[in-house]
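> Dropping in entry_32.cif, with mmCIF, C-alpha atoms and all ligand atoms.
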data_query
loop_
_atom_site.label_atom_id
_atom_site.label_comp_id
_atom_site.auth_asym_id
_atom_site.auth_seq_id
_atom_site.Cartn_x
_atom_site.Cartn_y
_atom_site.Cartn_z
CA MET V 1 1.42 -22.49 9.25
CA THR V 2 3.31 -19.21 9.02
CA VAL V 3 1.49 -16.12 10.21
CA PRO V 4 0.50 -13.81 7.32
CA ALA V 5 1.99 -10.30 7.22
CA ALA V 6 -1.54 -8.98 7.74
CA HIS V 7 -5.02 -10.43 7.80
CA ALA V 8 -8.62 -9.36 8.18
CA VAL V 9 -11.38 -11.46 9.72
CA GLY V 10 -15.03 -10.60 9.06
CA VAL V 11 -14.26 -6.94 8.46
CA THR V 12 -17.20 -4.64 7.80
CA LYS V 13 -16.97 -0.88 7.43
CA LEU V 14 -20.18 1.13 7.37
CA TYR V 15 -20.38 4.81 6.50
CA GLY V 16 -23.44 6.73 7.60
CA VAL V 17 -26.32 5.41 9.72
CA GLY V 18 -29.74 3.84 9.26
CA GLU V 19 -31.19 3.75 5.76
CA ALA V 20 -28.37 5.94 4.42
CA ALA V 21 -25.64 3.54 5.61
CA VAL V 22 -23.19 2.33 2.97
CA ALA V 23 -21.17 -0.84 3.51
CA ALA V 24 -17.78 0.13 2.07
CA LEU V 25 -16.60 -3.32 3.24
CA ASP V 26 -18.98 -6.19 3.82
CA ASP V 27 -17.64 -9.09 5.91
CA VAL V 28 -14.23 -9.36 4.25
CA ASP V 29 -11.78 -12.14 5.14
CA VAL V 30 -8.35 -11.85 3.59
CA ALA V 31 -4.79 -12.89 4.41
CA LEU V 32 -1.72 -11.24 2.90
CA GLU V 33 1.25 -13.59 2.84
CA ARG V 34 4.75 -12.42 3.64
CA GLY V 35 7.24 -11.87 0.85
CA ARG V 36 4.58 -11.35 -1.79
CA PHE V 37 3.29 -8.51 -3.92
CA THR V 38 -0.50 -8.21 -3.81
CA ALA V 39 -2.60 -5.81 -5.89
CA ILE V 40 -6.14 -4.77 -4.97
CA MET V 41 -8.42 -3.87 -7.87
CA GLY V 42 -12.10 -3.25 -8.44
CA PRO V 43 -14.55 -0.70 -9.80
CA SER V 44 -14.68 2.82 -8.39
CA GLY V 45 -16.38 2.74 -5.00
CA SER V 46 -15.85 -1.01 -4.51
CA GLY V 47 -13.95 -0.46 -1.24
CA LYS V 48 -10.29 -0.70 -2.29
CA SER V 49 -9.03 2.33 -0.39
CA THR V 50 -11.17 1.47 2.60
CA LEU V 51 -9.69 -2.05 2.72
CA LEU V 52 -6.14 -0.70 2.45
CA HIS V 53 -6.76 1.89 5.17
CA VAL V 54 -8.35 -0.62 7.52
CA LEU V 55 -5.56 -3.18 6.99
CA ALA V 56 -2.95 -0.46 7.58
CA GLY V 57 -4.53 0.81 10.78
CA LEU V 58 -5.32 4.21 9.23
CA ASP V 59 -9.02 3.59 9.71
CA ARG V 60 -11.00 1.34 12.05
CA PRO V 61 -13.59 -1.21 10.89
CA THR V 62 -17.16 -1.07 12.19
CA SER V 63 -16.84 -4.76 13.08
CA GLY V 64 -14.37 -7.58 12.57
CA GLN V 65 -10.67 -7.84 13.35
CA VAL V 66 -7.44 -6.85 11.63
CA PHE V 67 -4.07 -8.37 12.49
CA LEU V 68 -0.57 -7.17 11.69
CA GLY V 69 1.44 -10.35 12.12
CA ASP V 70 0.24 -11.67 15.50
CA THR V 71 -0.94 -8.29 16.73
CA GLU V 72 -4.67 -7.61 16.75
CA ILE V 73 -4.69 -3.92 15.84
CA THR V 74 -8.42 -3.15 15.93
CA SER V 75 -8.47 -2.99 19.72
CA LEU V 76 -5.34 -0.84 20.09
CA ARG V 77 -5.64 2.66 21.48
CA ASP V 78 -4.80 5.51 19.10
CA LYS V 79 -1.32 6.13 20.53
CA ARG V 80 -0.29 2.47 20.23
CA LEU V 81 -1.74 2.30 16.73
CA THR V 82 0.26 5.37 15.69
CA GLU V 83 3.45 3.80 17.07
CA LEU V 84 2.70 0.50 15.37
CA ARG V 85 2.19 2.20 12.00
CA ARG V 86 5.40 4.16 12.45
CA ASP V 87 7.49 1.18 13.54
CA ARG V 88 6.11 -1.70 11.50
CA ILE V 89 4.40 -0.40 8.35
CA GLY V 90 5.60 1.53 5.28
CA PHE V 91 3.30 3.80 3.25
CA ILE V 92 3.39 5.08 -0.32
CA PHE V 93 0.65 7.48 -1.41
CA GLN V 94 -0.40 8.82 -4.79
CA SER V 95 0.86 12.28 -3.83
CA PHE V 96 4.44 11.78 -2.78
CA ASN V 97 4.20 13.63 0.56
CA LEU V 98 7.88 14.58 0.72
CA LEU V 99 9.10 17.46 2.86
CA PRO V 100 10.12 20.22 0.43
CA THR V 101 12.87 21.71 2.59
CA MET V 102 14.74 18.43 2.96
CA THR V 103 16.97 16.59 0.50
CA ALA V 104 16.02 13.19 -0.90
CA ALA V 105 18.46 11.50 1.49
CA GLU V 106 16.99 13.34 4.50
CA ASN V 107 13.43 12.51 3.42
CA ILE V 108 14.29 8.82 3.15
CA VAL V 109 15.45 8.49 6.76
CA LEU V 110 13.10 11.08 8.30
CA PRO V 111 10.53 8.61 9.72
CA LEU V 112 13.35 6.66 11.36
CA ARG V 113 14.81 9.82 12.86
CA ILE V 114 11.38 10.86 14.17
CA ALA V 115 11.07 7.43 15.78
CA GLY V 116 14.49 7.92 17.39
CA ARG V 117 15.94 4.97 15.49
CA ARG V 118 19.33 4.87 13.86
CA PRO V 119 19.05 3.95 10.17
CA ASP V 120 20.69 0.66 9.20
CA ALA V 121 23.22 2.14 6.76
CA ASP V 122 23.72 -1.05 4.73
CA TRP V 123 19.98 -1.58 4.33
CA VAL V 124 19.30 2.02 3.33
CA ALA V 125 22.22 1.87 0.87
CA SER V 126 20.82 -1.28 -0.73
CA ILE V 127 17.40 0.37 -1.12
CA VAL V 128 18.85 3.55 -2.60
CA ASP V 129 20.90 1.40 -4.95
CA THR V 130 17.86 -0.67 -6.00
CA VAL V 131 15.64 2.36 -6.50
CA GLY V 132 18.29 4.01 -8.69
CA LEU V 133 18.53 7.43 -7.04
CA GLY V 134 22.30 7.42 -6.65
CA GLY V 135 23.19 10.83 -8.07
CA ARG V 136 20.15 12.70 -6.77
CA LEU V 137 20.26 12.14 -3.06
CA GLU V 138 21.29 15.71 -2.27
CA HIS V 139 18.50 17.20 -4.41
CA ARG V 140 15.33 18.62 -2.90
CA PRO V 141 11.92 17.39 -4.13
CA SER V 142 11.39 20.49 -6.32
CA GLN V 143 14.58 19.57 -8.21
CA LEU V 144 13.30 16.05 -8.96
CA SER V 145 10.77 14.74 -11.50
CA GLY V 146 7.51 13.22 -10.28
CA GLY V 147 8.87 9.74 -10.92
CA GLN V 148 12.04 10.47 -8.96
CA GLN V 149 10.02 11.95 -6.09
CA GLN V 150 7.87 8.83 -5.94
CA ARG V 151 10.99 6.66 -5.87
CA VAL V 152 12.24 8.72 -2.91
CA ALA V 153 8.86 8.11 -1.24
CA ALA V 154 9.17 4.38 -1.97
CA ALA V 155 12.71 4.29 -0.52
CA ARG V 156 11.37 6.11 2.55
CA ALA V 157 8.61 3.52 2.96
CA LEU V 158 11.19 0.71 2.95
CA ALA V 159 13.92 2.43 5.00
CA SER V 160 12.65 1.05 8.31
CA ARG V 161 12.53 -2.51 6.87
CA PRO V 162 8.78 -2.62 7.58
CA GLU V 163 6.79 -5.82 7.93
CA ILE V 164 4.50 -4.65 5.14
CA VAL V 165 4.32 -1.74 2.70
CA PHE V 166 0.90 -0.34 1.72
CA ALA V 167 0.77 1.65 -1.52
CA ASP V 168 -2.43 3.56 -2.43
CA GLU V 169 -2.44 4.20 -6.20
CA PRO V 170 1.33 4.84 -6.18
CA THR V 171 1.47 5.27 -9.97
CA GLY V 172 -1.69 7.43 -10.16
CA ALA V 173 0.25 10.65 -10.74
CA LEU V 174 3.07 9.20 -12.86
CA ASP V 175 3.65 8.89 -16.60
CA SER V 176 4.05 5.43 -18.01
CA ARG V 177 7.86 5.35 -17.91
CA SER V 178 8.01 6.54 -14.29
CA SER V 179 5.25 4.06 -13.40
CA THR V 180 7.28 1.22 -14.86
CA GLU V 181 10.36 2.28 -12.88
CA LEU V 182 8.40 2.40 -9.64
CA LEU V 183 6.68 -0.94 -10.25
CA ARG V 184 9.99 -2.60 -11.10
CA PHE V 185 11.39 -1.25 -7.85
CA LEU V 186 8.46 -2.67 -5.85
CA ARG V 187 8.86 -6.01 -7.65
CA THR V 188 12.59 -6.08 -6.84
CA ALA V 189 11.91 -5.12 -3.22
CA VAL V 190 9.75 -8.24 -2.95
CA ASP V 191 11.99 -10.60 -4.96
CA GLU V 192 15.41 -9.55 -3.73
CA LEU V 193 14.84 -7.75 -0.43
CA ALA V 194 12.07 -10.10 0.82
CA GLN V 195 9.63 -7.24 1.39
CA THR V 196 5.83 -7.54 1.45
CA VAL V 197 3.88 -5.07 -0.70
CA VAL V 198 0.14 -4.43 -1.00
CA MET V 199 -0.97 -1.94 -3.66
CA VAL V 200 -4.32 -0.48 -4.66
CA THR V 201 -4.41 0.35 -8.36
CA HIS V 202 -6.80 1.06 -11.22
CA ASP V 203 -4.22 0.09 -13.81
CA PRO V 204 -4.20 -3.51 -15.12
CA LYS V 205 -0.58 -3.04 -16.26
CA ALA V 206 0.41 -2.12 -12.70
CA ALA V 207 -1.54 -5.05 -11.24
CA ALA V 208 0.31 -7.41 -13.60
CA TYR V 209 3.49 -6.79 -11.56
CA ALA V 210 1.84 -8.45 -8.57
CA ASP V 211 1.92 -12.13 -7.56
CA ARG V 212 -1.71 -12.00 -6.62
CA VAL V 213 -4.54 -9.68 -7.65
CA LEU V 214 -7.62 -9.36 -5.42
CA PHE V 215 -10.81 -8.03 -6.99
CA LEU V 216 -13.35 -6.17 -4.87
CA ALA V 217 -16.96 -5.56 -5.89
CA ASP V 218 -19.50 -3.81 -3.65
CA GLY V 219 -17.29 -4.15 -0.59
CA ARG V 220 -16.76 -7.88 -1.00
CA LEU V 221 -13.87 -9.93 -2.29
CA ALA V 222 -15.23 -11.06 -5.64
CA ASP V 223 -12.28 -13.00 -7.02
CA GLU V 224 -8.52 -13.31 -7.30
CA LEU V 225 -5.91 -14.08 -9.93
CA HIS V 226 -2.36 -15.36 -9.51
CA ALA V 227 0.51 -13.89 -11.55
CA PRO V 228 -1.88 -12.63 -14.24
CA SER V 229 -0.99 -10.74 -17.40
CA ALA V 230 -2.38 -7.22 -17.89
CA GLU V 231 -4.85 -8.70 -20.42
CA ASP V 232 -6.07 -11.24 -17.84
CA VAL V 233 -6.64 -8.43 -15.36
CA LEU V 234 -8.46 -6.29 -17.91
CA ASP V 235 -10.73 -9.18 -18.92
CA HIS V 236 -11.53 -9.81 -15.29
CA MET V 237 -12.34 -6.15 -14.65
CA LYS V 238 -14.72 -6.19 -17.61
CA SER V 239 -16.45 -9.29 -16.26
CA LEU V 240 -17.00 -7.37 -12.98
CA GLY V 241 -18.62 -4.57 -14.93
CA ALA V 242 -15.86 -2.06 -14.22
N1 LIG V 301 -15.53 8.98 4.55
C1 LIG V 301 -16.56 8.44 3.89
N2 LIG V 301 -17.83 8.77 4.17
C2 LIG V 301 -18.88 8.21 3.54
N3 LIG V 301 -18.75 7.26 2.60
C3 LIG V 301 -17.52 6.89 2.25
C4 LIG V 301 -16.36 7.44 2.87
N4 LIG V 301 -15.25 6.85 2.32
C5 LIG V 301 -15.72 5.98 1.41
N5 LIG V 301 -17.07 5.99 1.37
C6 LIG V 301 -17.92 5.15 0.50
O1 LIG V 301 -17.50 3.81 0.65
C7 LIG V 301 -17.48 3.12 -0.59
C8 LIG V 301 -16.07 2.58 -0.87
O2 LIG V 301 -15.15 3.67 -1.03
P1 LIG V 301 -13.61 3.46 -1.38
O3 LIG V 301 -12.99 4.82 -1.44
O4 LIG V 301 -13.02 2.48 -0.45
O5 LIG V 301 -13.69 2.81 -2.83
P2 LIG V 301 -12.54 2.62 -3.92
O6 LIG V 301 -12.76 1.29 -4.52
O7 LIG V 301 -11.21 2.91 -3.32
O8 LIG V 301 -12.94 3.77 -4.95
P3 LIG V 301 -12.05 4.56 -6.03
O9 LIG V 301 -11.54 3.55 -6.98
O10 LIG V 301 -13.05 5.48 -6.66
O11 LIG V 301 -10.98 5.28 -5.26
C9 LIG V 301 -17.98 4.13 -1.61
O12 LIG V 301 -19.36 3.93 -1.79
C10 LIG V 301 -17.71 5.46 -0.96
O13 LIG V 301 -18.61 6.43 -1.43
#
Written as structure tokens, how would this file's structure read?


Amino acid sequence: MTVPAAHAVGVTKLYGVGEAAVAALDDVDVALERGRFTAIMGPSGSGKSTLLHVLAGLDRPTSGQVFLGDTEITSLRDKRLTELRRDRIGFIFQSFNLLPTMTAAENIVLPLRIAGRRPDADWVASIVDTVGLGGRLEHRPSQLSGGQQQRVAAARALASRPEIVFADEPTGALDSRSSTELLRFLRTAVDELAQTVVMVTHDPKAAAYADRVLFLADGRLADELHAPSAEDVLDHMKSLGA
């Protein structure tokens, strides 16, 4: 059996102590296969962001284990975890988090430069080509639309050819046309560039771009759908009381 890009075993995350404790995640087991696009959905407060953060090594579970490939990341010291995130994981956030003083091109390769790695020029060129930023690479973020800025952020997430890309509500701040462009890019990154993408979203239309949609309810994995339509996702959300 091939090793999943990431997996969680018996992961629980508690916030607070004693009677006031909230289980944001309650004994979750999940495996994220390589070369697939997975969406995580669920009602507000169901644990989506917590699951993404724990899988991505941005947050530690209270108990259970998280693996990136073969590496058990829950027991890593902070410094190693920071290096692992930098070297092996790509991130896309709702707010684009670009550096305003740098051009799009400089933003895209910045994490690689910080890591002291030389960008693979052919790979970066193929990403820039796929994301459709050709004429705007010398622009600064303030000279770009929100959709263009998020595509720069997506290109940055993929520039290091990460083992997995985690996207936390990447279309949350975008209009519907820009959302579609970003989602098409993520879909192409999976289909043509063999990338692995995991995305938290509230939007059934966004989730319908994924191969697999996981539904969380009260910190547990409630269900999943494979290659669903937006209507399927919406129906499922309603059945979960979202
Ligand atoms: N830092 C924190 N301290 C205390 N409780 C927290 C913290 N972060 C999350 N929680 C709680 O954990 C539960 C899950 O939160 P989480 O943000 O993962 O849900 P979500 O599904 O991403 O929600 P939303 O869709 O509203 O973003 C919620 O009950 C939330 O209030």

> Set the cut-off to 7 Å, count all atoms listed in the file, and list whatever residues fall near ligand LIG 301 (chain V) as a PyMOL selection string.

chain V and resi 15-16+22-24+42-51+202+219

> By how many Å are CA of Gly241 in chain V and CA of Leu216 in chain V apart?

11.5 Å

> Which of these, V:Asp27, V:Asp78, V:Glu106, V:Glu83, has the shortest distance to Ser63 in chain V once you count all atoms listed in the file?

V:Asp27

> Which of these, V:Leu193, V:Val165, V:Leu68, V:Leu98, has the shortest distance to Ser126 in chain V once you count all atoms listed in the file?

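Under the stated criterion, the closest residue is V:Leu193.
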
> What gap, in Å, lies between CA of Ala208 in chain V and CA of Ala227 in chain V?

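Computed distance, CA of Ala208 in chain V to CA of Ala227 in chain V, equals 6.8 Å.
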
> For Arg140 in chain V, which residue among V:Leu158, V:Ile108, V:Ala230, V:Val124 is the nearest when counting only C-alpha atoms?

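Using only C-alpha atoms, Arg140 in chain V sits closest to V:Ile108.
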